[in-house]
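Asker: One file is attached below, structure.pdb, containing PDB, C-alpha atoms, pLDDT in the B column.
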```pdb
ATOM      1  CA  ASN O   1      10.811  -5.658 -11.013  1.00 61.00           C
ATOM      2  CA  ALA O   2      10.996  -2.393  -9.078  1.00 69.00           C
ATOM      3  CA  GLY O   3       7.928  -1.640  -7.064  1.00 91.00           C
ATOM      4  CA  VAL O   4       6.092  -1.841  -3.772  1.00 95.00           C
ATOM      5  CA  THR O   5       5.595  -5.214  -2.133  1.00 96.00           C
ATOM      6  CA  GLN O   6       2.880  -5.730   0.459  1.00 96.00           C
ATOM      7  CA  THR O   7       2.345  -8.776   2.610  1.00 95.00           C
ATOM      8  CA  PRO O   8       0.077 -10.525   3.296  1.00 96.00           C
ATOM      9  CA  LYS O   9      -2.435 -10.246   0.455  1.00 95.00           C
ATOM     10  CA  PHE O  10      -5.315 -11.581   2.541  1.00 96.00           C
ATOM     11  CA  GLN O  11      -5.865 -11.880   6.279  1.00 97.00           C
ATOM     12  CA  VAL O  12      -8.728 -12.774   8.583  1.00 97.00           C
ATOM     13  CA  LEU O  13      -8.432 -11.691  12.204  1.00 97.00           C
ATOM     14  CA  LYS O  14     -10.609 -12.125  15.226  1.00 97.00           C
ATOM     15  CA  THR O  15     -11.622  -9.044  17.157  1.00 98.00           C
ATOM     16  CA  GLY O  16      -8.860  -8.099  19.574  1.00 97.00           C
ATOM     17  CA  GLN O  17      -6.054  -9.841  17.705  1.00 97.00           C
ATOM     18  CA  SER O  18      -3.023  -7.929  16.545  1.00 97.00           C
ATOM     19  CA  MET O  19      -1.112  -8.035  13.309  1.00 97.00           C
ATOM     20  CA  THR O  20       1.424  -6.139  11.259  1.00 97.00           C
ATOM     21  CA  LEU O  21       1.088  -5.366   7.576  1.00 98.00           C
ATOM     22  CA  GLN O  22       4.436  -5.216   5.852  1.00 97.00           C
ATOM     23  CA  CYS O  23       5.430  -2.919   3.000  1.00 97.00           C
ATOM     24  CA  ALA O  24       8.745  -2.613   1.198  1.00 97.00           C
ATOM     25  CA  GLN O  25       9.852  -0.551  -1.794  1.00 95.00           C
ATOM     26  CA  ASP O  26      13.026  -0.848  -3.813  1.00 93.00           C
ATOM     27  CA  MET O  27      12.941   2.479  -5.626  1.00 90.00           C
ATOM     28  CA  ASN O  28      14.854   4.491  -3.028  1.00 90.00           C
ATOM     29  CA  HIS O  29      11.795   6.692  -2.423  1.00 91.00           C
ATOM     30  CA  ASN O  30      11.765   8.943   0.602  1.00 91.00           C
ATOM     31  CA  SER O  31       7.984   9.109   1.129  1.00 92.00           C
ATOM     32  CA  MET O  32       5.769   6.178   1.986  1.00 95.00           C
ATOM     33  CA  TYR O  33       2.058   5.976   2.811  1.00 96.00           C
ATOM     34  CA  TRP O  34      -0.586   3.675   4.201  1.00 98.00           C
ATOM     35  CA  TYR O  35      -4.141   4.066   2.904  1.00 97.00           C
ATOM     36  CA  ARG O  36      -7.349   2.195   3.569  1.00 97.00           C
ATOM     37  CA  GLN O  37     -10.144   1.703   1.079  1.00 97.00           C
ATOM     38  CA  ASP O  38     -13.686   1.034   2.224  1.00 94.00           C
ATOM     39  CA  PRO O  39     -16.582   0.149  -0.097  1.00 84.00           C
ATOM     40  CA  GLY O  40     -18.001   3.182  -1.880  1.00 79.00           C
ATOM     41  CA  MET O  41     -15.153   5.410  -0.775  1.00 83.00           C
ATOM     42  CA  GLY O  42     -11.846   6.520  -2.116  1.00 89.00           C
ATOM     43  CA  LEU O  43      -8.583   5.835  -0.363  1.00 95.00           C
ATOM     44  CA  ARG O  44      -8.071   7.530   2.966  1.00 95.00           C
ATOM     45  CA  LEU O  45      -4.667   8.208   4.433  1.00 95.00           C
ATOM     46  CA  ILE O  46      -3.871   6.434   7.698  1.00 97.00           C
ATOM     47  CA  TYR O  47      -0.221   7.372   8.255  1.00 97.00           C
ATOM     48  CA  TYR O  48       2.655   8.545   6.163  1.00 96.00           C
ATOM     49  CA  SER O  49       6.404   8.840   6.412  1.00 95.00           C
ATOM     50  CA  ALA O  50       8.077  11.705   4.606  1.00 92.00           C
ATOM     51  CA  SER O  51      11.539  10.280   5.196  1.00 91.00           C
ATOM     52  CA  GLU O  52      13.337   7.591   7.114  1.00 92.00           C
ATOM     53  CA  GLY O  53      12.865   8.132  10.815  1.00 90.00           C
ATOM     54  CA  THR O  54       9.729  10.274  10.568  1.00 93.00           C
ATOM     55  CA  THR O  55       6.050   9.358  10.662  1.00 96.00           C
ATOM     56  CA  ASP O  56       2.890  11.449  10.783  1.00 95.00           C
ATOM     57  CA  LYS O  57      -0.813  10.873  11.180  1.00 95.00           C
ATOM     58  CA  GLY O  58      -3.137  11.076   8.245  1.00 94.00           C
ATOM     59  CA  GLU O  59      -6.898  11.391   8.099  1.00 93.00           C
ATOM     60  CA  VAL O  60      -7.813   8.153   9.918  1.00 96.00           C
ATOM     61  CA  PRO O  61      -4.974   7.111  12.277  1.00 97.00           C
ATOM     62  CA  ASN O  62      -6.987   5.811  15.249  1.00 97.00           C
ATOM     63  CA  GLY O  63      -6.347   2.159  16.016  1.00 96.00           C
ATOM     64  CA  TYR O  64      -3.101   1.990  14.036  1.00 98.00           C
ATOM     65  CA  ASN O  65       0.604   2.431  14.589  1.00 97.00           C
ATOM     66  CA  VAL O  66       3.401   2.556  12.057  1.00 98.00           C
ATOM     67  CA  SER O  67       7.136   2.034  11.911  1.00 97.00           C
ATOM     68  CA  ARG O  68       9.541   3.299   9.284  1.00 96.00           C
ATOM     69  CA  LEU O  69      12.123   0.629   9.889  1.00 86.00           C
ATOM     70  CA  ASN O  70      14.534   1.929   7.250  1.00 95.00           C
ATOM     71  CA  LYS O  71      14.227   3.697   3.932  1.00 95.00           C
ATOM     72  CA  ARG O  72      12.767   0.592   2.263  1.00 96.00           C
ATOM     73  CA  GLU O  73      10.239  -0.610   4.822  1.00 97.00           C
ATOM     74  CA  PHE O  74       7.113   0.934   6.330  1.00 98.00           C
ATOM     75  CA  SER O  75       4.901  -1.309   8.449  1.00 98.00           C
ATOM     76  CA  LEU O  76       1.364  -0.801   9.740  1.00 98.00           C
ATOM     77  CA  ARG O  77       0.307  -2.398  13.012  1.00 98.00           C
ATOM     78  CA  LEU O  78      -3.156  -3.085  14.352  1.00 97.00           C
ATOM     79  CA  GLU O  79      -2.754  -3.613  18.080  1.00 94.00           C
ATOM     80  CA  SER O  80      -6.316  -4.752  18.798  1.00 96.00           C
ATOM     81  CA  ALA O  81      -8.275  -5.326  15.636  1.00 97.00           C
ATOM     82  CA  ALA O  82     -11.906  -4.212  15.421  1.00 97.00           C
ATOM     83  CA  PRO O  83     -14.562  -5.054  12.807  1.00 97.00           C
ATOM     84  CA  SER O  84     -14.462  -1.382  11.715  1.00 96.00           C
ATOM     85  CA  GLN O  85     -10.925  -2.031  10.484  1.00 97.00           C
ATOM     86  CA  THR O  86     -12.180  -4.481   7.869  1.00 97.00           C
ATOM     87  CA  SER O  87     -10.904  -2.875   4.701  1.00 97.00           C
ATOM     88  CA  VAL O  88      -8.427  -3.076   1.861  1.00 97.00           C
ATOM     89  CA  TYR O  89      -5.085  -1.560   2.786  1.00 98.00           C
ATOM     90  CA  PHE O  90      -2.708  -0.052   0.262  1.00 97.00           C
ATOM     91  CA  CYS O  91       0.879   0.929   0.753  1.00 97.00           C
ATOM     92  CA  ALA O  92       2.381   3.480  -1.621  1.00 95.00           C
ATOM     93  CA  SER O  93       5.651   5.263  -2.123  1.00 94.00           C
ATOM     94  CA  PHE O  94       6.478   8.561  -3.786  1.00 90.00           C
ATOM     95  CA  GLY O  95       9.611   9.685  -5.512  1.00 84.00           C
ATOM     96  CA  ALA O  96       9.662  12.862  -7.581  1.00 76.00           C
ATOM     97  CA  GLU O  97      11.782  11.275 -10.276  1.00 68.00           C
ATOM     98  CA  GLY O  98       9.770   8.089 -10.481  1.00 66.00           C
ATOM     99  CA  ARG O  99       7.392   6.768 -13.102  1.00 72.00           C
ATOM    100  CA  ASN O 100       3.659   7.508 -12.985  1.00 78.00           C
ATOM    101  CA  TYR O 101       4.493  10.994 -11.729  1.00 81.00           C
ATOM    102  CA  GLY O 102       6.040   9.581  -8.652  1.00 81.00           C
ATOM    103  CA  TYR O 103       3.551   7.212  -7.087  1.00 90.00           C
ATOM    104  CA  THR O 104       3.791   3.447  -6.917  1.00 92.00           C
ATOM    105  CA  PHE O 105       1.161   1.347  -5.170  1.00 94.00           C
ATOM    106  CA  GLY O 106       1.344  -2.072  -3.675  1.00 96.00           C
ATOM    107  CA  SER O 107      -1.227  -4.648  -4.702  1.00 95.00           C
ATOM    108  CA  GLY O 108      -3.200  -4.268  -1.483  1.00 95.00           C
ATOM    109  CA  THR O 109      -4.040  -6.331   1.599  1.00 96.00           C
ATOM    110  CA  ARG O 110      -7.635  -7.429   2.079  1.00 96.00           C
ATOM    111  CA  LEU O 111      -8.247  -7.593   5.825  1.00 97.00           C
ATOM    112  CA  THR O 112     -11.373  -8.977   7.439  1.00 97.00           C
ATOM    113  CA  VAL O 113     -11.942  -8.663  11.173  1.00 97.00           C
ATOM    114  CA  VAL O 114     -14.632 -10.957  12.546  1.00 97.00           C
TER
ATOM    115  CA  ALA R   1     -15.315  20.193   2.806  1.00 61.00           C
ATOM    116  CA  GLN R   2     -14.719  17.650   0.083  1.00 71.00           C
ATOM    117  CA  LYS R   3     -11.535  18.339  -1.783  1.00 92.00           C
ATOM    118  CA  ILE R   4     -12.260  15.883  -4.595  1.00 96.00           C
ATOM    119  CA  THR R   5     -15.812  15.279  -5.774  1.00 96.00           C
ATOM    120  CA  GLN R   6     -16.879  12.607  -8.219  1.00 97.00           C
ATOM    121  CA  THR R   7     -20.606  13.008  -8.723  1.00 95.00           C
ATOM    122  CA  GLN R   8     -21.264   9.854 -10.755  1.00 95.00           C
ATOM    123  CA  PRO R   9     -21.364   6.757  -8.525  1.00 93.00           C
ATOM    124  CA  GLY R  10     -21.977   4.545 -11.552  1.00 95.00           C
ATOM    125  CA  MET R  11     -22.207   4.754 -15.328  1.00 95.00           C
ATOM    126  CA  PHE R  12     -23.290   2.411 -18.090  1.00 96.00           C
ATOM    127  CA  VAL R  13     -21.837   3.078 -21.533  1.00 96.00           C
ATOM    128  CA  GLN R  14     -22.199   1.231 -24.815  1.00 97.00           C
ATOM    129  CA  GLU R  15     -19.016  -0.296 -26.166  1.00 97.00           C
ATOM    130  CA  LYS R  16     -17.141   1.946 -28.628  1.00 97.00           C
ATOM    131  CA  GLU R  17     -18.799   5.095 -27.316  1.00 97.00           C
ATOM    132  CA  ALA R  18     -16.801   7.858 -25.655  1.00 97.00           C
ATOM    133  CA  VAL R  19     -17.307   8.382 -21.944  1.00 97.00           C
ATOM    134  CA  THR R  20     -16.621  11.326 -19.664  1.00 98.00           C
ATOM    135  CA  LEU R  21     -16.048  10.825 -15.955  1.00 98.00           C
ATOM    136  CA  ASP R  22     -16.478  13.959 -13.877  1.00 98.00           C
ATOM    137  CA  CYS R  23     -14.126  15.266 -11.217  1.00 98.00           C
ATOM    138  CA  THR R  24     -14.136  18.602  -9.440  1.00 98.00           C
ATOM    139  CA  TYR R  25     -11.558  19.656  -6.900  1.00 97.00           C
ATOM    140  CA  ASP R  26     -11.015  22.310  -4.304  1.00 96.00           C
ATOM    141  CA  THR R  27      -7.664  23.746  -3.321  1.00 93.00           C
ATOM    142  CA  SER R  28      -6.110  27.105  -2.599  1.00 91.00           C
ATOM    143  CA  ASP R  29      -2.617  25.825  -3.361  1.00 90.00           C
ATOM    144  CA  PRO R  30      -1.401  27.232  -6.704  1.00 91.00           C
ATOM    145  CA  SER R  31       0.765  24.166  -7.272  1.00 91.00           C
ATOM    146  CA  TYR R  32      -1.116  20.897  -7.467  1.00 93.00           C
ATOM    147  CA  GLY R  33      -1.458  17.817  -9.595  1.00 94.00           C
ATOM    148  CA  LEU R  34      -4.481  15.803 -10.629  1.00 96.00           C
ATOM    149  CA  PHE R  35      -4.448  12.075 -11.255  1.00 96.00           C
ATOM    150  CA  TRP R  36      -6.805   9.464 -12.584  1.00 97.00           C
ATOM    151  CA  TYR R  37      -6.476   5.831 -11.565  1.00 96.00           C
ATOM    152  CA  LYS R  38      -8.291   2.740 -12.738  1.00 97.00           C
ATOM    153  CA  GLN R  39      -9.097  -0.058 -10.302  1.00 95.00           C
ATOM    154  CA  PRO R  40     -10.293  -3.261 -11.990  1.00 95.00           C
ATOM    155  CA  SER R  41     -12.024  -6.015 -10.073  1.00 93.00           C
ATOM    156  CA  SER R  42      -8.620  -7.546  -9.314  1.00 93.00           C
ATOM    157  CA  GLY R  43      -8.018  -4.578  -7.001  1.00 91.00           C
ATOM    158  CA  GLU R  44      -4.750  -3.007  -8.090  1.00 92.00           C
ATOM    159  CA  MET R  45      -4.446   0.732  -8.689  1.00 94.00           C
ATOM    160  CA  ILE R  46      -3.455   1.517 -12.265  1.00 94.00           C
ATOM    161  CA  PHE R  47      -2.192   4.999 -13.105  1.00 93.00           C
ATOM    162  CA  LEU R  48      -3.904   6.463 -16.174  1.00 95.00           C
ATOM    163  CA  ILE R  49      -3.099  10.143 -16.578  1.00 95.00           C
ATOM    164  CA  TYR R  50      -1.720  13.213 -14.826  1.00 94.00           C
ATOM    165  CA  GLN R  51      -2.329  16.952 -15.166  1.00 95.00           C
ATOM    166  CA  GLY R  52      -0.204  19.549 -13.429  1.00 93.00           C
ATOM    167  CA  SER R  53      -1.757  22.856 -12.392  1.00 94.00           C
ATOM    168  CA  TYR R  54       0.716  24.803 -14.506  1.00 93.00           C
ATOM    169  CA  ASP R  55       0.409  22.612 -17.595  1.00 92.00           C
ATOM    170  CA  GLN R  56      -0.863  24.636 -20.526  1.00 90.00           C
ATOM    171  CA  GLN R  57      -2.131  21.694 -22.536  1.00 94.00           C
ATOM    172  CA  ASN R  58      -4.649  19.070 -21.556  1.00 96.00           C
ATOM    173  CA  ALA R  59      -2.944  15.761 -20.835  1.00 95.00           C
ATOM    174  CA  THR R  60      -3.436  12.818 -23.172  1.00 96.00           C
ATOM    175  CA  GLU R  61      -2.346   9.182 -22.875  1.00 94.00           C
ATOM    176  CA  GLY R  62      -3.558   6.989 -25.717  1.00 96.00           C
ATOM    177  CA  ARG R  63      -7.358   6.695 -25.430  1.00 97.00           C
ATOM    178  CA  TYR R  64      -7.369   8.756 -22.241  1.00 97.00           C
ATOM    179  CA  SER R  65      -7.496  12.516 -22.135  1.00 97.00           C
ATOM    180  CA  LEU R  66      -8.040  14.929 -19.317  1.00 97.00           C
ATOM    181  CA  ASN R  67     -10.362  17.881 -19.863  1.00 97.00           C
ATOM    182  CA  PHE R  68      -8.760  20.381 -17.491  1.00 97.00           C
ATOM    183  CA  GLN R  69     -10.770  23.514 -16.791  1.00 96.00           C
ATOM    184  CA  LYS R  70      -8.777  25.344 -14.169  1.00 95.00           C
ATOM    185  CA  ALA R  71     -11.173  28.210 -13.554  1.00 95.00           C
ATOM    186  CA  ARG R  72     -13.995  25.754 -12.926  1.00 96.00           C
ATOM    187  CA  LYS R  73     -11.716  23.470 -10.895  1.00 96.00           C
ATOM    188  CA  SER R  74     -12.705  20.579 -13.048  1.00 97.00           C
ATOM    189  CA  ALA R  75     -10.572  17.676 -14.307  1.00 98.00           C
ATOM    190  CA  ASN R  76     -12.769  15.264 -16.223  1.00 98.00           C
ATOM    191  CA  LEU R  77     -11.429  12.050 -17.695  1.00 98.00           C
ATOM    192  CA  VAL R  78     -12.443  11.268 -21.265  1.00 98.00           C
ATOM    193  CA  ILE R  79     -12.103   7.742 -22.580  1.00 97.00           C
ATOM    194  CA  SER R  80     -12.498   7.506 -26.324  1.00 95.00           C
ATOM    195  CA  ALA R  81     -13.821   4.404 -28.073  1.00 95.00           C
ATOM    196  CA  SER R  82     -14.615   2.497 -24.892  1.00 96.00           C
ATOM    197  CA  GLN R  83     -13.795  -1.197 -24.634  1.00 97.00           C
ATOM    198  CA  LEU R  84     -15.178  -3.989 -22.471  1.00 97.00           C
ATOM    199  CA  GLY R  85     -11.881  -4.000 -20.580  1.00 97.00           C
ATOM    200  CA  ASP R  86     -12.522  -0.429 -19.462  1.00 98.00           C
ATOM    201  CA  SER R  87     -15.141  -1.692 -17.010  1.00 98.00           C
ATOM    202  CA  ALA R  88     -13.697  -0.791 -13.593  1.00 97.00           C
ATOM    203  CA  MET R  89     -13.741   1.748 -10.787  1.00 97.00           C
ATOM    204  CA  TYR R  90     -12.150   5.074 -11.688  1.00 98.00           C
ATOM    205  CA  PHE R  91     -10.713   7.412  -9.108  1.00 97.00           C
ATOM    206  CA  CYS R  92      -9.717  11.042  -9.355  1.00 97.00           C
ATOM    207  CA  ALA R  93      -7.018  12.163  -6.924  1.00 96.00           C
ATOM    208  CA  MET R  94      -5.165  15.368  -6.147  1.00 96.00           C
ATOM    209  CA  ARG R  95      -1.741  16.119  -4.795  1.00 93.00           C
ATOM    210  CA  GLU R  96      -1.151  19.559  -3.388  1.00 85.00           C
ATOM    211  CA  GLY R  97       2.224  21.294  -3.114  1.00 75.00           C
ATOM    212  CA  PRO R  98       5.319  20.089  -1.231  1.00 73.00           C
ATOM    213  CA  GLY R  99       3.859  21.291   2.077  1.00 74.00           C
ATOM    214  CA  SER R 100       1.311  18.485   1.874  1.00 75.00           C
ATOM    215  CA  ASN R 101       4.106  15.881   1.938  1.00 80.00           C
ATOM    216  CA  TYR R 102       2.854  14.652  -1.433  1.00 81.00           C
ATOM    217  CA  GLN R 103      -0.259  13.039   0.023  1.00 87.00           C
ATOM    218  CA  LEU R 104      -2.915  12.055  -2.458  1.00 92.00           C
ATOM    219  CA  ILE R 105      -6.504  13.073  -1.714  1.00 94.00           C
ATOM    220  CA  TRP R 106      -9.054  10.797  -3.360  1.00 95.00           C
ATOM    221  CA  GLY R 107     -12.564  11.048  -4.677  1.00 96.00           C
ATOM    222  CA  ALA R 108     -15.144   8.351  -3.940  1.00 95.00           C
ATOM    223  CA  GLY R 109     -14.844   6.894  -7.423  1.00 96.00           C
ATOM    224  CA  THR R 110     -17.107   6.111 -10.364  1.00 97.00           C
ATOM    225  CA  LYS R 111     -18.001   2.556 -11.321  1.00 97.00           C
ATOM    226  CA  LEU R 112     -17.949   2.309 -15.105  1.00 98.00           C
ATOM    227  CA  ILE R 113     -19.608  -0.599 -16.846  1.00 97.00           C
ATOM    228  CA  ILE R 114     -19.186  -1.005 -20.589  1.00 97.00           C
ATOM    229  CA  LYS R 115     -22.059  -2.827 -22.278  1.00 96.00           C
ATOM    230  CA  PRO R 116     -21.384  -4.994 -25.349  1.00 94.00           C
TER
END
```
Could I get this file's structure written as structure tokens?

Answerer:
Amino acid sequence: NAGVTQTPKFQVLKTGQSMTLQCAQDMNHNSMYWYRQDPGMGLRLIYYSASEGTTDKGEVPNGYNVSRLNKREFSLRLESAAPSQTSVYFCASFGAEGRNYGYTFGSGTRLTVV
Amino acid sequence: AQKITQTQPGMFVQEKEAVTLDCTYDTSDPSYGLFWYKQPSSGEMIFLIYQGSYDQQNATEGRYSLNFQKARKSANLVISASQLGDSAMYFCAMREGPGSNYQLIWGAGTKLIIKP
């Protein structure tokens, strides 16, 4: 089924460890996004990529890096995880011709930093 | 300044009653879109309904309708004949014009609990 695939679904890290969250879409969308969701808050944009080869900071980029490896894949890296990065992370893609008025979300990654 | 405001952190509604979830927005962009998403306890984001700023009619999708009052910058979600399965978090979100790179700006959400 066409959509956005995120891995892993769950992860526990120790403070200072690094990890990469993977995201891939098979809808040929140009735009991809990484959001974080904290309790009692809506999603906040971390980074986005308007097209292959470009990335830009969102509202809360500190402590993260991203790579738009190709049109399909957009990864999010935590170089030195901190407890404040405990959150649920969503990857999304946008295509103007797509269903749901363009947006497709991954199922989320629940990250806990201890 | 908040661009999307959802003033109801939580709501309890009796099953089969209609429910209105409030959303106000702030933008100076004449071209924008408003979305409602449902997030059940399983965590996925489920698209419910969309309203474009130039749409003349209020959007409807089955039991969901969007009460769009452009002058008041309000985009309330109405769920008719609520069901137990409607219990979830509901988020209002806005996309501004192409210059925003199609980012979605989110409200803090409303937790809806349907009572049997």

Asker: Select, as a PyMOL selection string, those residues of chain O with any atom no more than 7 Å from chain R (distances computed using only C-alpha atoms).

Answerer: chain O and resi 40-43+50+100+105+107-108

Asker: Let's have the selection written as a tab-separated table (two decimals), keeping the file's coordinate frame, with C-alpha atoms.

Answerer:
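Result file result28.tsv:
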```tsv
chain	number	residue	atom	x	y	z
O	40	GLY	CA	-18.00	3.18	-1.88
O	41	MET	CA	-15.15	5.41	-0.78
O	42	GLY	CA	-11.85	6.52	-2.12
O	43	LEU	CA	-8.58	5.84	-0.36
O	50	ALA	CA	8.08	11.70	4.61
O	100	ASN	CA	3.66	7.51	-12.98
O	105	PHE	CA	1.16	1.35	-5.17
O	107	SER	CA	-1.23	-4.65	-4.70
O	108	GLY	CA	-3.20	-4.27	-1.48
```

Asker: Take the PyMOL selection byres ((chain O and resi 34) around 10), apply it to the structure above, and return the hits as a PyMOL selection string.

Answerer: chain O and resi 21+23+32-33+35-36+43-49+58+61+66+74-76+89-93+105-106

Asker: For the PyMOL selection byres ((chain R and resi 12) around 9), applied here, can you spell out every residue it catches as a list in words?

Answerer: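 Applying the PyMOL selection byres ((chain R and resi 12) around 9) to the structure shown produces Gly10, Met11, Val13, Gln14, Lys111, Leu112, Ile113, Ile114 and Lys115 of chain R.
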
Asker: For atom CA of Gly85 of chain R and atom CA of Gln39 of chain R, determine how far apart the two atoms are, in Å to one decimal place.

Answerer: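 Distance reported for this atom pair: 11.4 Å.
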
Asker: Which value, in Å to one decimal, gives the distance between atom CA of Glu15 of chain R and atom CA of Ser65 of chain R?

Answerer: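 If I compute the distance from atom CA of Glu15 of chain R to atom CA of Ser65 of chain R, I get 17.7 Å.
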
Asker: Mind giving me the straight-line distance from atom CA of Thr109 of chain O to atom CA of Pro8 of chain O in Å, one decimal?

Answerer: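 The value is 6.1 Å.
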
Asker: Would you pick out the contacts of segment 80-82 of chain O at 12 Å or less, using only C-alpha atoms, so that residues sharing its chain but fewer than 3 positions from it are not included, and give the list as a PyMOL selection string?

Answerer: chain O and resi 11-20+62-65+77+85-87+111-114

Asker: So which one's closest to Val88 of chain O, O:Ser51, O:Thr7, O:Thr104, O:Gln37? Using only C-alpha atoms, please.

Answerer: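 Counting only C-alpha atoms, the residue closest to Val88 of chain O is O:Gln37.
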
Asker: Go through R:Lys16, R:Gly97, R:Gln2, R:Cys23 one by one, measure the shortest atom-to-atom distance of each to Leu77 of chain R using all atoms listed in the file, and give the residue with the smallest value.

Answerer: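 Checking each candidate against Leu77 of chain R, we get R:Cys23 as the closest.
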
Asker: Quick check on the file I pasted: which residues fall under the PyMOL selection byres ((chain O and resi 3) around 8)? Write them as a compact mmCIF listing (two decimals) with C-alpha atoms, keeping the file's coordinate frame.

Answerer:
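Contents of part_29.txt, freshly written:
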```
# COMPACT_ATOMS: atom_id res chain seq x y z
CA ASN O 1 10.81 -5.66 -11.01
CA ALA O 2 11.00 -2.39 -9.08
CA VAL O 4 6.09 -1.84 -3.77
CA THR O 5 5.60 -5.21 -2.13
CA GLN O 25 9.85 -0.55 -1.79
CA ASP O 26 13.03 -0.85 -3.81
CA MET O 27 12.94 2.48 -5.63
CA THR O 104 3.79 3.45 -6.92
CA PHE O 105 1.16 1.35 -5.17
CA GLY O 106 1.34 -2.07 -3.68
```

Asker: For the point (-15.3, 17.9, -11.0) in the file's frame, write as a PyMOL selection string all residues with an atom no more than 7 Å away, counting all atoms listed in the file.

Answerer: chain R and resi 5-6+22-25+73-76
